[in-house]
file entry_3.txt (compact mmCIF, C-alpha atoms)
# COMPACT_ATOMS: atom_id res chain seq x y z
CA MET A 189 98.88 117.57 72.14
CA THR A 190 95.45 117.12 70.66
CA ALA A 191 93.90 119.57 68.20
CA ALA A 192 90.35 118.93 69.45
CA PRO A 193 88.32 122.07 70.14
CA VAL A 194 88.14 123.49 73.67
CA SER A 195 84.33 123.84 73.48
CA ARG A 196 81.47 123.30 71.06
CA PHE A 197 80.74 127.04 71.43
CA PRO A 198 82.91 129.82 70.00
CA VAL A 199 85.97 130.62 72.12
CA PRO A 200 87.09 134.25 71.83
CA ARG A 201 90.72 135.01 71.13
CA LEU A 202 92.62 136.27 74.16
CA GLU A 203 93.26 139.65 72.54
CA ASP A 204 89.51 140.09 71.89
CA MET A 205 88.46 139.45 75.51
CA PRO A 206 87.56 142.22 77.96
CA GLU A 207 90.65 143.47 79.80
CA ASP A 208 89.63 142.04 83.21
CA LEU A 209 89.19 138.54 81.76
CA ARG A 210 92.45 138.75 79.83
CA ALA A 211 94.36 139.96 82.92
CA ARG A 212 93.04 137.10 85.09
CA ILE A 213 93.74 134.52 82.40
CA LEU A 214 97.31 135.76 81.94
CA GLU A 215 97.80 135.65 85.72
CA VAL A 216 96.64 132.03 85.79
CA GLN A 217 98.87 131.21 82.82
CA GLU A 218 101.87 132.77 84.58
CA LYS A 219 101.23 130.71 87.72
CA SER A 220 100.41 127.36 86.10
CA GLY A 221 102.33 127.53 82.84
CA PHE A 222 99.22 127.08 80.68
CA ILE A 223 95.66 128.40 80.39
CA PRO A 224 93.08 125.97 81.76
CA ASN A 225 90.42 125.52 79.09
CA VAL A 226 87.60 126.44 81.49
CA PHE A 227 88.83 130.04 81.43
CA LEU A 228 88.68 130.08 77.64
CA ALA A 229 85.41 128.19 77.16
CA LEU A 230 83.42 130.28 79.63
CA ALA A 231 84.79 133.53 78.14
CA HIS A 232 82.11 133.00 75.47
CA ARG A 233 79.88 134.91 77.93
CA PRO A 234 81.99 137.45 79.87
CA ALA A 235 79.34 138.44 82.45
CA GLU A 236 78.72 134.80 83.32
CA TRP A 237 82.49 134.15 83.36
CA ARG A 238 82.90 136.89 85.99
CA ALA A 239 80.06 135.53 88.15
CA PHE A 240 81.30 131.95 87.85
CA PHE A 241 84.87 132.72 88.88
CA ALA A 242 83.80 135.09 91.65
CA TYR A 243 81.73 132.32 93.24
CA HIS A 244 84.43 129.73 92.53
CA ASP A 245 87.04 131.84 94.31
CA ALA A 246 84.71 132.61 97.23
CA LEU A 247 84.25 128.87 97.81
CA MET A 248 87.62 127.42 96.92
CA GLU A 249 90.18 130.02 97.98
CA LYS A 250 89.00 131.06 101.45
CA ASP A 251 90.11 129.91 104.86
CA SER A 252 87.60 127.52 106.37
CA GLY A 253 87.25 124.37 108.43
CA LEU A 254 87.86 122.38 105.25
CA THR A 255 91.34 122.10 103.82
CA LYS A 256 91.88 123.02 100.20
CA ALA A 257 92.54 119.34 99.52
CA GLU A 258 89.20 118.38 101.11
CA ARG A 259 87.38 120.90 98.93
CA GLU A 260 89.06 119.37 95.89
CA MET A 261 87.98 115.89 97.09
CA ILE A 262 84.38 117.13 97.01
CA VAL A 263 84.84 118.40 93.46
CA VAL A 264 86.46 115.19 92.22
CA ALA A 265 83.97 112.81 93.88
CA THR A 266 80.85 114.69 92.77
CA SER A 267 82.25 115.37 89.30
CA GLY A 268 82.93 111.65 88.89
CA ALA A 269 79.34 110.91 89.85
CA ASN A 270 78.15 113.56 87.38
CA ARG A 271 80.42 112.10 84.66
CA CYS A 272 82.24 115.37 84.12
CA GLN A 273 85.52 114.54 82.44
CA TYR A 274 86.82 118.12 82.56
CA CYS A 275 86.32 118.59 86.31
CA VAL A 276 87.59 115.11 87.24
CA VAL A 277 90.77 115.60 85.22
CA ALA A 278 91.44 119.25 86.12
CA HIS A 279 90.49 119.08 89.79
CA GLY A 280 92.02 115.63 90.10
CA ALA A 281 95.34 117.26 89.23
CA ILE A 282 94.77 119.97 91.82
CA LEU A 283 93.78 117.35 94.42
CA ARG A 284 96.94 115.35 93.79
CA ILE A 285 99.02 118.48 94.31
CA ARG A 286 97.16 119.78 97.36
CA ALA A 287 97.00 116.39 99.06
CA LYS A 288 100.59 115.58 98.03
CA ASN A 289 99.26 112.16 97.07
CA PRO A 290 99.48 110.87 93.47
CA LEU A 291 96.86 108.16 94.08
CA ILE A 292 94.03 109.94 95.84
CA ALA A 293 92.32 111.66 92.90
CA ASP A 294 91.84 108.46 90.91
CA GLN A 295 90.55 106.65 94.00
CA VAL A 296 88.07 109.43 94.83
CA ALA A 297 86.88 109.84 91.24
CA VAL A 298 86.12 106.15 90.77
CA ASN A 299 84.72 105.23 94.20
CA TYR A 300 85.45 107.38 97.23
CA LEU A 301 84.07 104.64 99.51
CA LYS A 302 87.14 102.54 98.66
CA ALA A 303 89.61 105.43 98.70
CA ASP A 304 92.29 105.92 101.32
CA LEU A 305 90.30 108.49 103.30
CA THR A 306 89.56 109.14 106.95
CA PRO A 307 86.07 108.40 108.30
CA ARG A 308 85.61 112.19 108.57
CA GLN A 309 86.41 112.66 104.87
CA LYS A 310 84.08 109.81 103.89
CA ALA A 311 81.26 111.43 105.88
CA MET A 312 82.01 114.73 104.13
CA LEU A 313 81.81 113.03 100.73
CA ASP A 314 78.63 111.14 101.66
CA PHE A 315 76.96 114.50 102.25
CA ALA A 316 78.51 116.11 99.16
CA MET A 317 77.26 113.27 96.97
CA LYS A 318 73.77 113.64 98.40
CA VAL A 319 73.83 117.38 97.63
CA ALA A 320 75.04 116.69 94.09
CA LEU A 321 72.71 113.82 93.27
CA ASP A 322 69.71 113.82 95.62
CA ALA A 323 69.50 117.16 97.45
CA GLY A 324 65.75 116.80 98.00
CA ALA A 325 66.41 113.91 100.37
CA ILE A 326 68.71 115.84 102.73
CA GLY A 327 67.43 115.86 106.29
CA ASP A 328 68.49 116.55 109.86
CA ALA A 329 70.15 113.14 110.16
CA ASP A 330 72.62 114.16 107.45
CA PHE A 331 73.65 117.18 109.51
CA GLU A 332 73.92 115.09 112.69
CA ALA A 333 76.22 112.62 110.93
CA LEU A 334 78.55 115.46 109.92
CA ARG A 335 78.50 117.06 113.37
CA ALA A 336 79.50 113.68 114.85
CA HIS A 337 82.71 114.02 112.82
CA GLY A 338 83.39 117.54 114.10
CA PHE A 339 82.02 119.57 111.21
CA SER A 340 80.58 122.95 112.18
CA SER A 341 77.49 124.48 110.57
CA GLU A 342 79.77 126.68 108.47
CA ASP A 343 81.76 123.62 107.34
CA ILE A 344 78.51 121.89 106.34
CA TRP A 345 77.51 124.96 104.34
CA ASP A 346 80.90 124.84 102.59
CA ILE A 347 80.55 121.14 101.76
CA GLY A 348 77.09 121.72 100.32
CA ALA A 349 78.04 124.89 98.46
CA VAL A 350 81.08 123.31 96.81
CA ALA A 351 79.04 120.27 95.74
CA ALA A 352 76.21 122.46 94.42
CA PHE A 353 78.49 124.87 92.58
CA PHE A 354 80.35 122.06 90.89
CA ALA A 355 77.08 120.39 89.91
CA LEU A 356 76.54 123.56 87.85
CA SER A 357 80.13 123.45 86.60
CA ASN A 358 79.79 119.76 85.65
CA ARG A 359 76.67 120.45 83.64
CA MET A 360 78.23 123.41 81.83
CA ALA A 361 81.39 121.46 81.05
CA ASN A 362 79.37 118.51 79.73
CA MET A 363 77.02 120.72 77.72
CA THR A 364 79.88 122.64 76.10
CA ALA A 365 82.02 119.50 75.58
CA MET A 366 84.82 121.29 77.44
CA ARG A 367 88.07 119.45 76.83
CA PRO A 368 90.57 119.04 79.67
CA ASN A 369 94.01 120.42 78.95
CA ASP A 370 96.58 117.73 78.25
CA GLU A 371 98.80 119.26 80.97
CA PHE A 372 96.35 118.27 83.72
CA TYR A 373 96.81 114.55 83.16
CA LEU A 374 100.39 114.48 84.42
CA LEU A 375 100.25 117.09 87.20
CA GLY A 376 100.91 115.76 90.68
CA ARG A 377 101.58 112.18 89.55
CA GLN A 378 105.33 112.25 90.14
CA PRO A 379 107.20 113.99 92.94
CA ARG A 380 108.73 117.29 91.82
CA GLN A 381 112.40 117.16 90.96
CA LYS A 382 114.55 119.19 93.32
call {"tool": "encode", "arguments": {"input": "entry_3.txt", "output": "C-alpha cells"}}
result
Amino acid sequence: MTAAPVSRFPVPRLEDMPEDLRARILEVQEKSGFIPNVFLALAHRPAEWRAFFAYHDALMEKDSGLTKAEREMIVVATSGANRCQYCVVAHGAILRIRAKNPLIADQVAVNYLKADLTPRQKAMLDFAMKVALDAGAIGDADFEALRAHGFSSEDIWDIGAVAAFFALSNRMANMTAMRPNDEFYLLGRQPRQK
C-alpha cells in the first residue's frame, strides 16, 4: 500500500470527527472492509460532508428508471472526461460489481462510444457527457433522443443530476488531490470465490 496522503488538505482523525460522520464511516468500513478516502477527505468540512453525502445518496441509492449500474456508468464516463482519477477508480470498481462485468468500467472510462453498451445506454451517456461538459448547449433535441430510447422525464432528470453532481465531485477530488484507495483497483475484476 502507498503512504501518499489522502488529500492535500488536513484529514481529521476518525476519533476527532463528529459522531454522525464517524458512525457513517464505520458503517461503510464494516460493509466494504475499508474506508473510502472520499469519506475521510471531505470530513475536513463536516457540514459540507453531510450535504455532499445526502445528495449523493438521494441520487445513487434510490429506485428509479435507471439501474444502479447505469448510474455508475454515468459517473465513470463523465469522470473520465473530467480527468478525475479518484472517481474513475472508485466508481469503476462499483460499476464492475454492479454490472457483474470486469471489463465495462475500463471501456466506459476510456471511450464509452466503443464500450460494450446498448444503444439506450450510449444515448444516456451522450446526454450525461453533454451535461458534464457542455450543459449550455442542451436543447429539446437532446430530450427527444432520450425519449426515443424509452427514458421518462424523471429518468432524464436523474441522468442530468448524476452527471452534474459528479462534475462537482470530480472538481473537488481533483482540487484536493484525493487519492483512490488501493483496494478499489482490484474490486470486481475477478469473480468472487465461492
call {"tool": "closest_residue", "arguments": {"input": "entry_3.txt", "among": "A:Gln295, A:Ser267, A:Gln273, A:Asn289", "to": "Arg377 (chain A)", "atoms": "all atoms listed in the file"}}
result
A:Asn289
call {"tool": "atom_distance", "arguments": {"input": "entry_3.txt", "atom1": "CA of Ala297 (chain A)", "atom2": "CA of Arg212 (chain A)"}}
result
28.6 Å
call {"tool": "closest_residue", "arguments": {"input": "entry_3.txt", "among": "A:Ala192, A:Asn270, A:Gly324, A:Phe197", "to": "Leu356 (chain A)", "atoms": "only C-alpha atoms"}}
result
A:Asn270
call {"tool": "residues_near_point", "arguments": {"input": "entry_3.txt", "point": "(78.5, 105.8, 101.5)", "cutoff": "10 Å", "atoms": "only C-alpha atoms", "output": "JSON, numbers by chain"}}
result
{"A": [299, 300, 301, 302, 310, 311, 312, 313, 314, 315, 317, 318]}
call {"tool": "atom_distance", "arguments": {"input": "entry_3.txt", "atom1": "CA of Leu283 (chain A)", "atom2": "CA of Ser195 (chain A)"}}
result
23.9 Å
call {"tool": "atom_distance", "arguments": {"input": "entry_3.txt", "atom1": "CA of Leu214 (chain A)", "atom2": "CA of Asn369 (chain A)"}}
result
16.0 Å
call {"tool": "build_atoms", "arguments": {"input": "entry_3.txt", "residues": "region 299-329 of chain A", "atoms": "N, CA and C atoms", "output": "tab-separated table (two decimals), in the coordinates of the input"}}
result
chain	number	residue	atom	x	y	z
A	299	ASN	N	85.59	105.67	93.11
A	299	ASN	CA	84.72	105.23	94.20
A	299	ASN	C	85.33	105.67	95.53
A	300	TYR	N	84.88	106.83	96.00
A	300	TYR	CA	85.45	107.38	97.23
A	300	TYR	C	85.28	106.45	98.43
A	301	LEU	N	84.29	105.56	98.38
A	301	LEU	CA	84.07	104.64	99.51
A	301	LEU	C	85.22	103.66	99.67
A	302	LYS	N	85.99	103.45	98.60
A	302	LYS	CA	87.14	102.54	98.66
A	302	LYS	C	88.46	103.30	98.67
A	303	ALA	N	88.40	104.61	98.72
A	303	ALA	CA	89.61	105.43	98.70
A	303	ALA	C	90.27	105.45	100.08
A	304	ASP	N	91.53	105.81	100.08
A	304	ASP	CA	92.29	105.92	101.32
A	304	ASP	C	91.96	107.25	102.00
A	305	LEU	N	90.80	107.29	102.64
A	305	LEU	CA	90.30	108.49	103.30
A	305	LEU	C	90.02	108.20	104.76
A	306	THR	N	89.95	109.28	105.54
A	306	THR	CA	89.56	109.14	106.95
A	306	THR	C	88.04	108.98	107.03
A	307	PRO	N	87.53	108.45	108.14
A	307	PRO	CA	86.07	108.40	108.30
A	307	PRO	C	85.43	109.79	108.18
A	308	ARG	N	86.12	110.81	108.66
A	308	ARG	CA	85.61	112.19	108.57
A	308	ARG	C	85.47	112.59	107.10
A	309	GLN	N	86.47	112.31	106.29
A	309	GLN	CA	86.41	112.66	104.87
A	309	GLN	C	85.34	111.87	104.15
A	310	LYS	N	85.15	110.60	104.51
A	310	LYS	CA	84.08	109.81	103.89
A	310	LYS	C	82.72	110.38	104.24
A	311	ALA	N	82.53	110.81	105.49
A	311	ALA	CA	81.26	111.43	105.88
A	311	ALA	C	81.03	112.72	105.08
A	312	MET	N	82.09	113.49	104.92
A	312	MET	CA	82.01	114.73	104.13
A	312	MET	C	81.56	114.41	102.70
A	313	LEU	N	82.15	113.38	102.10
A	313	LEU	CA	81.81	113.03	100.73
A	313	LEU	C	80.44	112.38	100.62
A	314	ASP	N	80.01	111.66	101.66
A	314	ASP	CA	78.63	111.14	101.66
A	314	ASP	C	77.64	112.30	101.50
A	315	PHE	N	77.86	113.34	102.29
A	315	PHE	CA	76.96	114.50	102.25
A	315	PHE	C	77.08	115.22	100.91
A	316	ALA	N	78.30	115.42	100.44
A	316	ALA	CA	78.51	116.11	99.16
A	316	ALA	C	77.81	115.37	98.02
A	317	MET	N	77.90	114.06	98.02
A	317	MET	CA	77.26	113.27	96.97
A	317	MET	C	75.74	113.41	97.05
A	318	LYS	N	75.22	113.48	98.25
A	318	LYS	CA	73.77	113.64	98.40
A	318	LYS	C	73.34	115.01	97.88
A	319	VAL	N	74.13	116.04	98.16
A	319	VAL	CA	73.83	117.38	97.63
A	319	VAL	C	73.86	117.34	96.10
A	320	ALA	N	74.87	116.71	95.54
A	320	ALA	CA	75.04	116.69	94.09
A	320	ALA	C	74.00	115.86	93.36
A	321	LEU	N	73.54	114.78	93.99
A	321	LEU	CA	72.71	113.82	93.27
A	321	LEU	C	71.28	113.67	93.78
A	322	ASP	N	71.04	114.05	95.04
A	322	ASP	CA	69.71	113.82	95.62
A	322	ASP	C	69.41	114.83	96.73
A	323	ALA	N	69.61	116.11	96.43
A	323	ALA	CA	69.50	117.16	97.45
A	323	ALA	C	68.12	117.21	98.11
A	324	GLY	N	67.09	116.79	97.42
A	324	GLY	CA	65.75	116.80	98.00
A	324	GLY	C	65.59	115.85	99.16
A	325	ALA	N	66.49	114.91	99.29
A	325	ALA	CA	66.41	113.91	100.37
A	325	ALA	C	67.22	114.29	101.61
A	326	ILE	N	67.88	115.43	101.59
A	326	ILE	CA	68.71	115.84	102.73
A	326	ILE	C	67.81	116.16	103.92
A	327	GLY	N	68.20	115.63	105.07
A	327	GLY	CA	67.43	115.86	106.29
A	327	GLY	C	68.35	116.10	107.48
A	328	ASP	N	67.74	116.26	108.64
A	328	ASP	CA	68.49	116.55	109.86
A	328	ASP	C	69.52	115.48	110.18
A	329	ALA	N	69.22	114.23	109.87
A	329	ALA	CA	70.15	113.14	110.16
A	329	ALA	C	71.47	113.32	109.40
